[in-house]
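Okay, structure-v5.cif now, which holds mmCIF, C-alpha atoms:
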```cif
data_start
loop_
_atom_site.label_atom_id
_atom_site.label_comp_id
_atom_site.auth_asym_id
_atom_site.auth_seq_id
_atom_site.Cartn_x
_atom_site.Cartn_y
_atom_site.Cartn_z
CA MET A 1045 236.26 -68.65 -138.64
CA LEU A 1046 239.95 -69.52 -138.47
CA ASN A 1047 242.52 -66.72 -138.57
CA THR A 1048 244.15 -67.93 -141.79
CA PRO A 1049 246.26 -65.91 -144.25
CA ILE A 1050 243.40 -66.01 -146.73
CA THR A 1051 240.59 -64.83 -144.49
CA ARG A 1052 241.31 -62.42 -141.62
CA ARG A 1053 237.76 -61.20 -141.19
CA VAL A 1054 234.16 -61.83 -142.20
CA LEU A 1055 233.40 -59.62 -145.18
CA THR A 1056 230.17 -58.05 -146.35
CA ARG A 1057 228.92 -58.39 -149.92
CA ALA A 1058 229.82 -54.75 -150.46
CA ALA A 1059 233.47 -55.64 -149.92
CA VAL A 1060 233.68 -58.25 -152.67
CA ALA A 1061 235.66 -56.06 -155.07
CA SER A 1062 238.35 -55.23 -152.51
CA THR A 1063 238.37 -58.87 -151.42
CA ALA A 1064 239.30 -59.95 -154.93
CA LEU A 1065 242.35 -57.71 -154.89
CA SER A 1066 243.53 -58.73 -151.42
CA TYR A 1067 242.91 -62.43 -152.13
CA SER A 1068 244.88 -62.35 -155.36
CA ARG A 1069 247.76 -60.62 -153.57
CA ILE A 1070 247.78 -63.27 -150.88
CA LEU A 1071 247.96 -66.05 -153.44
CA GLY A 1072 250.19 -64.23 -155.86
CA ALA A 1073 249.06 -63.48 -159.39
CA ASN A 1074 250.45 -66.71 -160.84
CA GLU A 1075 250.62 -68.93 -157.78
CA LYS A 1076 248.81 -72.21 -157.60
CA VAL A 1077 245.86 -72.60 -155.26
CA ASN A 1078 246.42 -75.01 -152.36
CA PHE A 1079 243.82 -77.74 -152.66
CA GLY A 1080 242.34 -80.29 -150.26
CA LEU A 1081 240.18 -83.31 -151.13
CA ILE A 1082 237.52 -84.48 -148.66
CA GLY A 1083 236.06 -87.80 -149.79
CA ALA A 1084 238.61 -89.80 -151.78
CA GLY A 1085 236.36 -92.33 -153.47
CA GLY A 1086 236.17 -92.79 -157.22
CA ARG A 1087 234.35 -89.52 -157.91
CA GLY A 1088 236.57 -87.54 -155.58
CA LYS A 1089 239.78 -88.80 -157.16
CA GLY A 1090 238.30 -88.30 -160.63
CA VAL A 1091 237.35 -84.66 -160.11
CA MET A 1092 240.64 -84.03 -158.31
CA GLY A 1093 242.31 -85.31 -161.46
CA THR A 1094 240.37 -82.74 -163.48
CA PHE A 1095 241.57 -80.01 -161.14
CA GLN A 1096 245.13 -81.29 -161.57
CA LYS A 1097 244.82 -81.07 -165.36
CA THR A 1098 244.34 -77.31 -165.08
CA ASN A 1099 247.87 -76.99 -163.66
CA ARG A 1100 246.46 -74.33 -161.34
CA ILE A 1101 246.38 -76.22 -158.02
CA ASN A 1102 248.75 -77.81 -155.58
CA VAL A 1103 247.15 -80.79 -153.80
CA THR A 1104 248.34 -80.47 -150.21
CA SER A 1105 245.82 -82.62 -148.35
CA VAL A 1106 243.43 -85.56 -148.80
CA CYS A 1107 240.87 -86.91 -146.36
CA ASP A 1108 238.78 -90.08 -146.13
CA VAL A 1109 237.40 -92.47 -143.52
CA TYR A 1110 239.21 -95.35 -145.25
CA ASP A 1111 243.01 -95.44 -145.25
CA ALA A 1112 243.13 -97.40 -148.50
CA ARG A 1113 241.47 -94.50 -150.31
CA ILE A 1114 243.82 -92.01 -148.71
CA ASP A 1115 246.73 -94.09 -150.00
CA GLN A 1116 245.24 -94.15 -153.51
CA ALA A 1117 244.71 -90.38 -153.49
CA GLN A 1118 248.26 -89.80 -152.30
CA THR A 1119 249.54 -91.91 -155.17
CA GLN A 1120 247.70 -89.52 -157.48
CA ALA A 1121 248.95 -86.51 -155.51
CA PRO A 1122 252.43 -87.29 -154.13
CA GLY A 1123 253.32 -85.24 -151.10
CA ALA A 1124 249.73 -84.60 -150.00
CA LYS A 1125 249.12 -85.06 -146.29
CA GLY A 1126 246.48 -87.63 -145.31
CA TYR A 1127 243.66 -87.07 -142.80
CA LYS A 1128 240.76 -89.18 -141.51
CA GLU A 1129 239.04 -86.22 -139.82
CA HIS A 1130 237.94 -83.40 -142.14
CA ARG A 1131 238.12 -80.76 -139.43
CA LYS A 1132 241.84 -81.43 -139.02
CA LEU A 1133 242.33 -80.84 -142.74
CA LEU A 1134 240.36 -77.59 -142.48
CA GLU A 1135 242.65 -76.34 -139.73
CA SER A 1136 245.59 -76.44 -142.14
CA LYS A 1137 246.92 -73.11 -143.38
CA ASP A 1138 248.12 -75.00 -146.46
CA VAL A 1139 244.56 -75.39 -147.83
CA ASP A 1140 242.82 -72.58 -149.72
CA VAL A 1141 240.02 -74.53 -151.40
CA VAL A 1142 238.41 -77.91 -150.82
CA LEU A 1143 236.65 -80.39 -153.04
CA ILE A 1144 233.89 -82.21 -151.13
CA ALA A 1145 233.08 -85.59 -152.70
CA THR A 1146 231.74 -87.47 -149.70
CA PRO A 1147 228.43 -89.35 -149.76
CA ASP A 1148 225.48 -86.97 -149.70
CA HIS A 1149 224.72 -87.30 -145.98
CA TRP A 1150 228.04 -85.59 -145.16
CA HIS A 1151 227.75 -82.70 -147.65
CA THR A 1152 226.04 -80.22 -145.34
CA GLY A 1153 228.22 -80.71 -142.28
CA VAL A 1154 231.50 -80.70 -144.19
CA ALA A 1155 230.54 -77.78 -146.43
CA ILE A 1156 229.47 -75.57 -143.52
CA ASP A 1157 232.63 -76.46 -141.59
CA ALA A 1158 234.75 -75.60 -144.64
CA LEU A 1159 232.99 -72.31 -145.31
CA ASN A 1160 233.25 -71.31 -141.64
CA ALA A 1161 236.96 -72.16 -141.79
CA GLY A 1162 237.38 -69.62 -144.58
CA LYS A 1163 237.85 -72.12 -147.41
CA ASP A 1164 236.33 -71.79 -150.86
CA VAL A 1165 234.36 -74.91 -151.70
CA TYR A 1166 233.61 -77.07 -154.73
CA VAL A 1167 230.98 -79.59 -153.58
CA GLU A 1168 229.62 -82.45 -155.61
CA LYS A 1169 225.91 -82.58 -156.33
CA PRO A 1170 223.40 -82.95 -154.86
CA LEU A 1171 224.28 -80.14 -152.51
CA THR A 1172 222.15 -81.60 -149.72
CA LEU A 1173 220.61 -84.77 -148.31
CA LYS A 1174 217.49 -82.97 -147.07
CA ILE A 1175 215.59 -80.02 -148.46
CA GLU A 1176 215.96 -77.96 -145.28
CA GLU A 1177 219.76 -78.13 -145.37
CA GLY A 1178 220.19 -75.93 -148.43
CA PRO A 1179 219.52 -72.54 -146.81
CA LEU A 1180 222.06 -73.37 -144.08
CA ILE A 1181 224.87 -73.85 -146.60
CA VAL A 1182 223.84 -70.77 -148.58
CA LYS A 1183 223.93 -68.72 -145.37
CA ALA A 1184 227.38 -70.03 -144.44
CA ALA A 1185 228.73 -69.15 -147.88
CA ARG A 1186 227.28 -65.65 -147.82
CA ILE A 1187 228.23 -64.79 -144.22
CA ASN A 1188 231.80 -65.93 -144.79
CA ASN A 1189 231.98 -64.46 -148.32
CA ARG A 1190 233.26 -67.71 -149.74
CA ILE A 1191 233.00 -69.03 -153.28
CA CYS A 1192 230.91 -72.21 -153.33
CA GLN A 1193 230.47 -74.05 -156.61
CA VAL A 1194 228.17 -77.08 -156.86
CA GLY A 1195 229.28 -79.80 -159.26
CA MET A 1196 226.47 -79.38 -161.78
CA GLN A 1197 228.93 -79.08 -164.64
CA GLN A 1198 226.38 -78.46 -167.36
CA ARG A 1199 226.21 -74.87 -166.07
CA SER A 1200 229.65 -74.33 -167.61
CA GLY A 1201 229.31 -76.59 -170.65
CA GLN A 1202 229.92 -74.69 -173.87
CA HIS A 1203 227.16 -76.30 -175.93
CA TYR A 1204 224.69 -75.90 -173.03
CA LEU A 1205 225.49 -72.18 -172.89
CA GLN A 1206 225.18 -71.93 -176.67
CA ALA A 1207 221.78 -73.65 -176.62
CA LYS A 1208 220.57 -71.24 -173.94
CA ARG A 1209 221.71 -68.19 -175.91
CA GLU A 1210 220.37 -69.27 -179.27
CA TYR A 1211 217.10 -71.00 -178.42
CA PHE A 1212 215.91 -69.84 -175.01
CA ASP A 1213 217.16 -66.28 -174.56
CA THR A 1214 215.81 -65.48 -178.03
CA GLY A 1215 212.45 -67.24 -177.54
CA LYS A 1216 213.06 -69.33 -180.64
CA LEU A 1217 211.22 -72.34 -179.16
CA GLY A 1218 208.06 -70.30 -178.70
CA LYS A 1219 205.82 -71.02 -175.72
CA ILE A 1220 207.35 -73.91 -173.78
CA THR A 1221 204.97 -76.30 -172.07
CA LEU A 1222 207.02 -79.42 -171.30
CA ALA A 1223 210.55 -80.32 -170.24
CA ARG A 1224 211.05 -84.08 -170.38
CA THR A 1225 214.11 -85.70 -168.79
CA TRP A 1226 215.26 -89.30 -168.39
CA TRP A 1227 218.29 -91.29 -167.23
CA HIS A 1228 218.13 -95.08 -167.52
CA GLY A 1229 220.61 -97.76 -166.52
CA ASN A 1230 223.08 -95.66 -164.54
CA GLY A 1231 225.65 -98.18 -163.37
CA ALA A 1232 226.70 -96.21 -160.28
CA HIS A 1233 223.49 -97.42 -158.62
CA LEU A 1234 224.25 -101.09 -159.29
CA GLN A 1235 227.74 -101.46 -157.82
CA LYS A 1236 228.51 -104.58 -155.81
CA ALA A 1237 230.86 -104.47 -152.84
CA PRO A 1238 234.04 -106.49 -153.45
CA PRO A 1239 234.51 -109.69 -151.43
CA ALA A 1240 237.45 -108.11 -149.59
CA LEU A 1241 234.96 -105.89 -147.73
CA ALA A 1242 232.87 -108.76 -146.38
CA THR A 1243 234.63 -108.11 -143.07
CA LYS A 1244 235.14 -104.45 -142.16
CA PRO A 1245 238.77 -103.43 -142.72
CA SER A 1246 240.51 -102.36 -139.53
CA ASN A 1247 241.59 -99.09 -141.20
CA LEU A 1248 238.04 -98.05 -142.14
CA ASP A 1249 236.17 -95.85 -139.64
CA TRP A 1250 232.60 -97.10 -140.05
CA GLY A 1251 231.24 -94.91 -137.29
CA ARG A 1252 232.64 -91.83 -138.95
CA PHE A 1253 231.25 -92.93 -142.31
CA LEU A 1254 227.78 -93.11 -140.74
CA GLY A 1255 228.31 -89.69 -139.19
CA PRO A 1256 224.97 -87.93 -138.66
CA ILE A 1257 222.72 -90.92 -139.41
CA LYS A 1258 221.62 -93.63 -137.00
CA TRP A 1259 223.88 -96.54 -136.13
CA ARG A 1260 223.76 -99.85 -137.94
CA ASP A 1261 226.28 -102.67 -138.00
CA TRP A 1262 228.84 -102.94 -140.78
CA ASP A 1263 227.23 -103.45 -144.17
CA PRO A 1264 229.71 -103.51 -147.07
CA GLN A 1265 227.00 -102.85 -149.62
CA GLN A 1266 225.83 -99.69 -147.88
CA PHE A 1267 229.40 -98.45 -147.75
CA TRP A 1268 230.22 -99.36 -151.34
CA ASN A 1269 226.94 -98.35 -152.99
CA PHE A 1270 225.47 -95.69 -150.71
CA ARG A 1271 223.38 -94.33 -153.60
CA ALA A 1272 221.00 -97.28 -153.28
CA TYR A 1273 219.96 -96.30 -149.75
CA LEU A 1274 217.82 -93.32 -148.83
CA ASP A 1275 219.65 -92.80 -145.51
CA TYR A 1276 222.74 -91.68 -147.41
CA GLY A 1277 221.31 -90.06 -150.54
CA GLY A 1278 218.25 -89.60 -152.68
CA GLY A 1279 218.77 -92.43 -155.14
CA GLN A 1280 218.40 -91.73 -158.83
CA VAL A 1281 216.28 -88.63 -158.21
CA THR A 1282 218.86 -86.50 -156.41
CA ASP A 1283 221.87 -88.14 -158.05
CA LEU A 1284 220.65 -87.85 -161.64
CA PHE A 1285 217.53 -85.68 -161.84
CA THR A 1286 219.38 -82.88 -160.01
CA HIS A 1287 221.67 -82.60 -163.03
CA TRP A 1288 218.81 -82.55 -165.51
CA ILE A 1289 216.40 -80.31 -163.62
CA ASP A 1290 219.29 -77.88 -163.23
CA VAL A 1291 219.66 -77.85 -167.02
CA VAL A 1292 215.94 -77.12 -167.30
CA HIS A 1293 216.18 -74.34 -164.70
CA MET A 1294 219.17 -72.89 -166.55
CA MET A 1295 217.41 -72.87 -169.92
CA MET A 1296 214.04 -71.68 -168.64
CA GLY A 1297 215.39 -69.08 -166.20
CA GLN A 1298 213.05 -70.49 -163.54
CA ASP A 1299 213.75 -72.61 -160.48
CA ASN A 1300 210.41 -72.42 -158.69
CA PRO A 1301 208.25 -75.59 -158.85
CA ILE A 1302 204.85 -75.23 -157.19
CA SER A 1303 203.81 -78.87 -157.00
CA ALA A 1304 205.27 -82.37 -157.20
CA VAL A 1305 204.03 -85.91 -157.62
CA ALA A 1306 206.00 -89.13 -157.99
CA SER A 1307 205.54 -92.84 -158.37
CA GLY A 1308 207.90 -95.80 -158.40
CA GLY A 1309 209.40 -98.53 -156.29
CA VAL A 1310 211.95 -101.29 -155.93
CA TYR A 1311 210.50 -103.37 -158.75
CA HIS A 1312 213.45 -105.51 -159.84
CA TYR A 1313 216.50 -105.39 -157.55
CA LYS A 1314 215.32 -107.06 -154.35
CA ASP A 1315 218.75 -106.68 -152.78
CA GLY A 1316 217.95 -104.61 -149.71
CA ARG A 1317 218.10 -101.21 -151.40
CA THR A 1318 215.66 -98.59 -150.16
CA ALA A 1319 215.94 -96.14 -153.09
CA PRO A 1320 213.57 -97.06 -155.94
CA ASP A 1321 215.06 -98.77 -158.97
CA THR A 1322 212.26 -97.29 -161.10
CA ILE A 1323 210.87 -93.79 -160.57
CA ASN A 1324 208.76 -91.12 -162.30
CA VAL A 1325 208.62 -87.53 -161.07
CA LEU A 1326 206.39 -84.68 -162.28
CA LEU A 1327 206.95 -81.05 -161.27
CA GLU A 1328 204.66 -78.16 -162.14
CA TYR A 1329 205.93 -74.60 -162.59
CA PRO A 1330 203.91 -71.36 -162.29
CA LYS A 1331 204.32 -70.18 -165.90
CA GLU A 1332 202.26 -73.08 -167.25
CA TRP A 1333 204.83 -75.77 -167.93
CA THR A 1334 205.85 -79.04 -166.38
CA ALA A 1335 209.08 -80.98 -165.98
CA THR A 1336 209.24 -84.77 -165.82
CA PHE A 1337 211.89 -87.31 -164.92
CA GLU A 1338 211.86 -91.02 -165.52
CA ALA A 1339 214.53 -93.54 -164.64
CA THR A 1340 214.85 -97.28 -164.36
CA LEU A 1341 217.70 -99.63 -163.61
CA ALA A 1342 215.96 -102.51 -165.37
CA PRO A 1343 218.50 -104.53 -167.40
CA GLY A 1344 218.97 -103.53 -171.01
CA ILE A 1345 217.49 -100.04 -170.79
CA THR A 1346 220.00 -97.19 -171.07
CA GLY A 1347 220.15 -93.58 -172.18
CA ALA A 1348 219.89 -90.10 -170.73
CA GLY A 1349 218.85 -86.69 -171.93
CA VAL A 1350 216.70 -83.58 -171.72
CA GLU A 1351 214.05 -82.57 -174.24
CA ILE A 1352 212.35 -79.17 -173.97
CA CYS A 1353 209.26 -78.74 -176.12
CA GLY A 1354 207.81 -75.46 -177.36
CA THR A 1355 205.25 -74.28 -179.87
CA GLU A 1356 207.95 -73.51 -182.46
CA GLY A 1357 210.14 -76.56 -182.02
CA ARG A 1358 211.94 -78.76 -179.53
CA LEU A 1359 215.50 -79.00 -178.28
CA HIS A 1360 217.10 -82.30 -177.25
CA ILE A 1361 220.34 -81.99 -175.28
CA THR A 1362 222.81 -84.42 -173.73
CA ARG A 1363 226.36 -84.07 -172.52
CA GLY A 1364 227.53 -84.89 -176.02
CA GLN A 1365 225.47 -82.54 -178.19
CA PHE A 1366 222.21 -80.71 -178.74
CA ASP A 1367 219.72 -81.08 -181.59
CA PHE A 1368 217.07 -78.51 -182.51
CA TYR A 1369 213.99 -79.71 -184.37
CA SER A 1370 211.84 -77.01 -185.95
CA LYS A 1371 208.07 -77.42 -186.13
CA GLU A 1372 208.33 -76.76 -189.87
CA ARG A 1373 207.72 -79.96 -191.81
CA GLY A 1374 210.84 -81.18 -193.62
CA ALA A 1375 213.24 -78.83 -191.85
CA PRO A 1376 216.50 -80.66 -191.07
CA PRO A 1377 217.62 -80.77 -187.44
CA ILE A 1378 220.41 -78.48 -186.33
CA THR A 1379 223.11 -80.34 -184.39
CA VAL A 1380 225.93 -78.89 -182.27
CA LYS A 1381 228.51 -81.18 -180.68
CA SER A 1382 230.10 -80.60 -177.29
CA PRO A 1383 233.76 -79.56 -177.76
CA ARG A 1384 234.90 -81.24 -174.53
CA ASP A 1385 233.86 -82.61 -171.14
CA GLN A 1386 231.98 -79.97 -169.17
CA THR A 1387 233.72 -80.76 -165.88
CA ILE A 1388 236.95 -79.08 -166.95
CA ASP A 1389 235.04 -75.92 -167.85
CA HIS A 1390 233.23 -75.99 -164.50
CA VAL A 1391 236.48 -76.46 -162.57
CA GLU A 1392 238.11 -73.62 -164.52
CA ASN A 1393 235.14 -71.38 -163.75
CA PHE A 1394 235.48 -72.16 -160.03
CA LEU A 1395 239.20 -71.39 -160.01
CA ASP A 1396 238.62 -68.15 -161.91
CA CYS A 1397 236.06 -67.11 -159.29
CA VAL A 1398 238.40 -67.99 -156.44
CA ILE A 1399 240.58 -65.13 -157.73
CA SER A 1400 237.91 -62.73 -159.05
CA ARG A 1401 235.43 -63.35 -156.17
CA LYS A 1402 232.57 -63.34 -158.66
CA LEU A 1403 229.73 -65.81 -158.16
CA PRO A 1404 230.47 -69.04 -160.06
CA ASN A 1405 228.23 -70.60 -162.71
CA GLY A 1406 226.97 -73.26 -160.30
CA ASP A 1407 226.73 -71.01 -157.25
CA VAL A 1408 225.55 -72.54 -153.99
CA TYR A 1409 222.11 -70.91 -154.23
CA ILE A 1410 221.59 -72.36 -157.71
CA GLY A 1411 222.70 -75.74 -156.40
CA HIS A 1412 220.30 -75.48 -153.49
CA ARG A 1413 217.31 -74.67 -155.71
CA SER A 1414 217.95 -77.55 -158.10
CA ALA A 1415 218.52 -79.96 -155.21
CA ALA A 1416 215.29 -78.74 -153.62
CA ALA A 1417 213.32 -79.50 -156.79
CA SER A 1418 214.69 -83.05 -156.72
CA HIS A 1419 213.97 -83.42 -153.01
CA LEU A 1420 210.33 -82.52 -153.68
CA GLY A 1421 210.14 -85.49 -156.03
CA ASN A 1422 211.57 -87.82 -153.40
CA ILE A 1423 209.32 -86.48 -150.66
CA ALA A 1424 206.28 -86.99 -152.89
CA TYR A 1425 207.48 -90.56 -153.59
CA VAL A 1426 208.05 -91.43 -149.93
CA GLN A 1427 204.82 -89.84 -148.70
CA LYS A 1428 202.77 -91.15 -151.63
CA ARG A 1429 200.97 -87.86 -152.15
CA ARG A 1430 200.91 -84.74 -154.25
CA LEU A 1431 202.87 -81.87 -152.72
CA LYS A 1432 201.96 -78.21 -152.95
CA TYR A 1433 205.02 -75.97 -152.61
CA ASP A 1434 205.67 -72.27 -152.02
CA PRO A 1435 209.01 -71.69 -153.82
CA ASP A 1436 209.45 -68.18 -152.39
CA ARG A 1437 209.08 -69.21 -148.75
CA GLU A 1438 210.51 -72.67 -149.57
CA GLU A 1439 207.71 -74.41 -147.67
CA ILE A 1440 205.58 -77.46 -148.38
CA LEU A 1441 201.99 -76.31 -147.96
CA PRO A 1442 198.84 -78.15 -146.89
CA LEU A 1443 196.66 -79.12 -149.84
#
```

The structure given in the file should be rewritten as structure tokens.
Amino acid sequence: MLNTPITRRVLTRAAVASTALSYSRILGANEKVNFGLIGAGGRGKGVMGTFQKTNRINVTSVCDVYDARIDQAQTQAPGAKGYKEHRKLLESKDVDVVLIATPDHWHTGVAIDALNAGKDVYVEKPLTLKIEEGPLIVKAARINNRICQVGMQQRSGQHYLQAKREYFDTGKLGKITLARTWWHGNGAHLQKAPPALATKPSNLDWGRFLGPIKWRDWDPQQFWNFRAYLDYGGGQVTDLFTHWIDVVHMMMGQDNPISAVASGGVYHYKDGRTAPDTINVLLEYPKEWTATFEATLAPGITGAGVEICGTEGRLHITRGQFDFYSKERGAPPITVKSPRDQTIDHVENFLDCVISRKLPNGDVYIGHRSAAASHLGNIAYVQKRRLKYDPDREEILPL
């Protein structure tokens, strides 16, 4: 751990209350938090913009393997210092918190480095590339007593929290047996690399982009649309299902699947992608309910949502609203609209916790468990078999 002004020692959980006081004194009650961005692609710059809207941060540093993206981020944050190596950014005493928005295969390494450097971390979902990486990040956050929020913004969404209070905490849905989720036609998985990248730019560090995965020659499509390749991420399952299964975990108060099956393939886009363009996942939970996910990139099919079905009714929820449908014949649905984008609420929650030292809504352990559920679906797909899982030991068991 670096000997920074914010973290002079490794603290135990018992010291959290005193940490909050000392941390707030270091920052100053009304001072802005010094902020660094690691991964300055479209999502990184977008979420950084949400942080900037809070007027609670000062962007001091931005980092990317591609100079063009550093330049774009600096245009958005004038005065920020640019880095191509994330460890150099983490050495800066002018960074209190970092936003990690790299491709998934870099999440674990960068997050652990940041936590060990004494930085609080907001990391985009999915938390991990592989199921076994989650406990390593959780451990780093706990040992270093750092705040680590995973970008599953529904956890802070006002209408999601209202739905949980009114329909799940009260048992109003009755006995729940099925949570059905879907996300069709997500355009992020269909991006085409621009012609300008046909030849690797001289100011793009391809080797560093590859990082922990095996070498391959420059491929603009893999750089531009990493989500379509299982070496860099988990395709639609970890990119999209992680959001929705986290909503289900939040509502149900359970995050412990005991089995997984999946089926799908590259059925339409024969463009070299390795992540399936069509996928179905089924998870079973110990209290006699199942969760499903279906997604396709087939042209003309769009839409996303979560529907949780109980003996007394069903609740359909999206980022825009929720609708409750009673089992009573003729009863009109009850609709509640979302007051605003959930990302701003999630960012505000993170910044509040940076000062209070309370666990955030999307704490790293929560992010790990929802990522793990998605990883089970992908493992079942790749291995073409049903998985049996021990959620307490976090082990795939022999059938």

Report task. Write out as a PyMOL selection string each polymer residue whose atoms come within 12 Å of Gln1198 (chain A), counting only C-alpha atoms; drop sequence neighbours fewer than 2 positions from it. Result -> chain A and resi 1169+1194-1196+1200-1208+1286-1295+1350+1361-1365+1382+1384-1391+1393+1405-1406+1411

Query raised in the report: Just so the selection is clear, what residues does the PyMOL selection byres ((chain A and resi 1354) around 12) cover here, as a list in words?
Result: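 Evaluating the PyMOL selection byres ((chain A and resi 1354) around 12) on these coordinates yields Tyr1211, Phe1212, Gly1215, Lys1216, Leu1217, Gly1218, Lys1219, Ile1220, Thr1221, Leu1222, Ala1223, Arg1224, Met1296, Glu1332, Trp1333, Thr1334, Glu1351, Ile1352, Cys1353, Thr1355, Glu1356, Gly1357, Arg1358, Leu1359, His1360, Phe1368, Tyr1369, Ser1370 and Lys1371 of chain A.
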
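Counting all atoms listed in the file, the residue from A:Trp1262, A:Trp1226, A:Phe1394, A:Tyr1166 that sits nearest to Thr1098 (chain A) is A:Phe1394.
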
Report task. Determine the residue membership of the PyMOL selection byres ((chain A and resi 1112) around 10) for the file above and supply it as an MDAnalysis selection string. Result -> chainID A and resid 1084:1085 1108:1111 1113:1118 1245 1247:1248

**Report entry** Explicit residues for the PyMOL selection byres ((chain A and resi 1345) around 6) (as a list in words)
**Finding:**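 Applying the expression gives His1228, Gly1229, Pro1343, Gly1344 and Thr1346 of chain A.
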
**Report entry** Which residue of A:Gln1096, A:Gln1235, A:Gln1197, A:Gln1298 approaches Tyr1313 (chain A) most closely, using all atoms listed in the file
**Finding:** A:Gln1235

Query - Residues near Thr1282 (chain A), cut-off 7 Å, all atoms listed in the file, skip fewer than 5 positions along chain, as a PyMOL selection string - result: chain A and resi 1170+1415+1418-1419

Query raised in the report: Neighbours of Asn1230 (chain A) within 12 Å (all atoms listed in the file; same-chain residues fewer than 2 positions away dropped), as a VMD selection string?
Result: chain A and resid 1226 to 1228 1232 to 1235 1271 to 1272 1279 to 1281 1283 to 1285 1321 to 1322 1339 to 1348

Requested in this report: Would you please work out which residue, of A:Lys1128, A:Arg1087, A:Arg1429, A:Lys1097, is nearest to Glu1168 (chain A) when using only C-alpha atoms?
Outcome: A:Arg1087

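Among the candidate residues A:Asp1263, A:Val1398, A:Pro1320, A:His1412, the one lying nearest to Lys1163 (chain A) is A:Val1398, with distances computed using only C-alpha atoms.
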
Report summary line: re CA of Gly1308 (chain A) and CA of Leu1326 (chain A): distance 11.9 Å
